[in-house]
Amino acid sequence: MAGNDKNRPIIIKRIKKMNGGGHGGAWKIAYADFITAMMAFFLLMWLLGSTTKAQLQGIAQWFKNPEQVSLMGGPGSGSASSILPGGGSNLNKTAGEVQRGQKHQVIASNETPANGSEHVDQHNLEHLKKVLDAQIASNPALGAFRKHLLINITPEGLRIQVVDSTKKSMFPSGSTILEPYARAIFQAIAPTLNELPNAISITGHTDALRYLNGGKGYSNYNLSAGRANAVRQTLVQSGLNESKILRVVGMGSAVLYAPNEPDSPLNRRVSIVVLSQEAARRIVHNQQAESNVASSGAAKQVLQKVSLKTGVVAPVISLF
């Protein structure tokens, strides 16, 4: 065995070291990463430069509330700030793409004009309700007072009621100055209410507690009307187009939310109704009819006075 080990050849392995510079080839990887980052940066700048304002708003809205956009079709890319989600192919329009609501209107145009208009109007109001519900759920300032907000569809349109509770009131007792939390609620929903062309009605209500003057002076009607007007001012200051407001009414305690509890804080509320087109037309028609009747009565009295003074019987022309 010893003799065999002496005759075994000795093998020497030499490892050749490649000298690639100070850091070898690592600089190539760093340079490639730098070039990739620069390409991504310039691509981002190009996309921002070619993106419309509506698309940017849609992207921002997605990051604010991705669940609303993905599940409910909120104002996504290309739909601007409209409550009707986009669905068309023209992304260059800053006012929004072709809306689903417009598609429904085209389909409904095969029906009678009245039925088609009512169908689109009902669709828009129902969608507005979903958007408001999603806005309340995603906005901490609104979500904290969710129990104060009652939203439902009525024959007149979409009704949004902000009610008092035993612990919180929209206004100090006997005052028409909004509390900060209530002002924040109306400021938050004002831009959303401005999305539809529908007219808006604002009504103030009080509980059944009356002033000591027995209603002969300043009363619950004055108070409710002043509070309704305070809400109108806040909505307009927060972005609502004033031309959309059709009427501001003070109902006092005439229509109680809880009739069996006339003193309940739930009766103290402000009701905002996004009127359907038919309801708005009916209100305007009734007001015009009353105005025409009043004008006719005034003209009749003038003509009768003239006939008494002159002794000439003047013909009276009735408008109805």
# chains A, B, ... in the order shown; residues from 1 in each chain; ligands from 1
call {"tool": "select_by_dssp", "arguments": {"residues": "region 113-233 of chain A", "states": "helix (DSSP H, G or I)", "output": "PyMOL selection string"}}
result
chain A and resi 113-138+140-143+146-148+180-193+220-233
call {"tool": "residues_around", "arguments": {"residues": "Gly204 (chain A)", "least_positions_apart": "3", "cutoff": "10 Å", "atoms": "only C-alpha atoms", "output": "list in words"}}
result
Gln161, Asn220, Tyr221, Asn222, Leu223, Ser224, Ala225, Gly226, Arg227, Ala228, Asn229, Ala230, Val231, Val248, Val249, Gly250, Met251, Gly252, Ser253, Asn267, Arg268, Arg269, Val270, Ser271 and Ile272 of chain A
call {"tool": "residues_around", "arguments": {"residues": "region 168-171 of chain A", "least_positions_apart": "6", "cutoff": "9 Å", "atoms": "only C-alpha atoms", "output": "NGL selection string"}}
result
:A and (162 or 177-183 or 227 or 265 or 268-269)
call {"tool": "write_last_selection", "arguments": {"atoms": "N, CA, C and O atoms", "output": "PDB file, in the first residue's frame"}}
result
ATOM      1  N   VAL A 162     -82.615  64.639   8.042  1.00  0.00           N
ATOM      2  CA  VAL A 162     -81.634  64.750   9.120  1.00  0.00           C
ATOM      3  C   VAL A 162     -82.423  65.055  10.377  1.00  0.00           C
ATOM      4  O   VAL A 162     -83.075  66.101  10.478  1.00  0.00           O
ATOM      5  N   ILE A 177     -79.165  78.555  13.926  1.00  0.00           N
ATOM      6  CA  ILE A 177     -77.740  78.424  13.611  1.00  0.00           C
ATOM      7  C   ILE A 177     -77.348  76.957  13.722  1.00  0.00           C
ATOM      8  O   ILE A 177     -77.498  76.341  14.774  1.00  0.00           O
ATOM      9  N   LEU A 178     -76.847  76.403  12.645  1.00  0.00           N
ATOM     10  CA  LEU A 178     -76.499  74.991  12.615  1.00  0.00           C
ATOM     11  C   LEU A 178     -75.325  74.680  13.537  1.00  0.00           C
ATOM     12  O   LEU A 178     -74.374  75.456  13.631  1.00  0.00           O
ATOM     13  N   GLU A 179     -75.427  73.535  14.219  1.00  0.00           N
ATOM     14  CA  GLU A 179     -74.295  73.039  14.985  1.00  0.00           C
ATOM     15  C   GLU A 179     -73.207  72.567  14.016  1.00  0.00           C
ATOM     16  O   GLU A 179     -73.495  72.185  12.886  1.00  0.00           O
ATOM     17  N   PRO A 180     -71.934  72.599  14.430  1.00  0.00           N
ATOM     18  CA  PRO A 180     -70.838  72.212  13.519  1.00  0.00           C
ATOM     19  C   PRO A 180     -71.003  70.830  12.903  1.00  0.00           C
ATOM     20  O   PRO A 180     -70.740  70.631  11.721  1.00  0.00           O
ATOM     21  N   TYR A 181     -71.457  69.843  13.677  1.00  0.00           N
ATOM     22  CA  TYR A 181     -71.583  68.492  13.129  1.00  0.00           C
ATOM     23  C   TYR A 181     -72.664  68.438  12.048  1.00  0.00           C
ATOM     24  O   TYR A 181     -72.519  67.751  11.034  1.00  0.00           O
ATOM     25  N   ALA A 182     -73.768  69.170  12.281  1.00  0.00           N
ATOM     26  CA  ALA A 182     -74.846  69.194  11.294  1.00  0.00           C
ATOM     27  C   ALA A 182     -74.403  69.925  10.029  1.00  0.00           C
ATOM     28  O   ALA A 182     -74.714  69.510   8.906  1.00  0.00           O
ATOM     29  N   ARG A 183     -73.668  71.013  10.201  1.00  0.00           N
ATOM     30  CA  ARG A 183     -73.143  71.739   9.044  1.00  0.00           C
ATOM     31  C   ARG A 183     -72.231  70.836   8.220  1.00  0.00           C
ATOM     32  O   ARG A 183     -72.262  70.859   6.980  1.00  0.00           O
ATOM     33  N   ARG A 227     -84.883  77.487   9.957  1.00  0.00           N
ATOM     34  CA  ARG A 227     -83.931  76.371   9.930  1.00  0.00           C
ATOM     35  C   ARG A 227     -83.810  75.785   8.525  1.00  0.00           C
ATOM     36  O   ARG A 227     -82.717  75.414   8.093  1.00  0.00           O
ATOM     37  N   PRO A 265     -87.626  64.161  20.020  1.00  0.00           N
ATOM     38  CA  PRO A 265     -86.633  64.895  19.225  1.00  0.00           C
ATOM     39  C   PRO A 265     -86.630  64.468  17.754  1.00  0.00           C
ATOM     40  O   PRO A 265     -86.148  65.220  16.906  1.00  0.00           O
ATOM     41  N   ARG A 268     -88.042  66.925  15.345  1.00  0.00           N
ATOM     42  CA  ARG A 268     -87.218  68.074  14.934  1.00  0.00           C
ATOM     43  C   ARG A 268     -86.281  67.600  13.824  1.00  0.00           C
ATOM     44  O   ARG A 268     -85.296  66.892  14.078  1.00  0.00           O
ATOM     45  N   ARG A 269     -86.561  67.991  12.625  1.00  0.00           N
ATOM     46  CA  ARG A 269     -85.813  67.475  11.486  1.00  0.00           C
ATOM     47  C   ARG A 269     -85.896  68.439  10.325  1.00  0.00           C
ATOM     48  O   ARG A 269     -86.760  69.325  10.280  1.00  0.00           O
TER      49      ARG A 269
END
call {"tool": "atom_distance", "arguments": {"atom1": "CA of Asn152 (chain A)", "atom2": "CA of Lys129 (chain A)"}}
result
7.5 Å
call {"tool": "closest_residue", "arguments": {"among": "A:Glu126, A:Gln55, A:Ser175, A:Arg282", "to": "Ser219 (chain A)", "atoms": "only C-alpha atoms"}}
result
A:Ser175
call {"tool": "closest_residue", "arguments": {"among": "A:Asp207, A:Gln277, A:Gln233, A:Leu246", "to": "Glu261 (chain A)", "atoms": "only C-alpha atoms"}}
result
A:Asp207
call {"tool": "atom_distance", "arguments": {"atom1": "CA of Arg232 (chain A)", "atom2": "CA of Pro172 (chain A)"}}
result
17.7 Å
call {"tool": "atom_distance", "arguments": {"atom1": "CA of Ser238 (chain A)", "atom2": "CA of Pro191 (chain A)"}}
result
7.1 Å
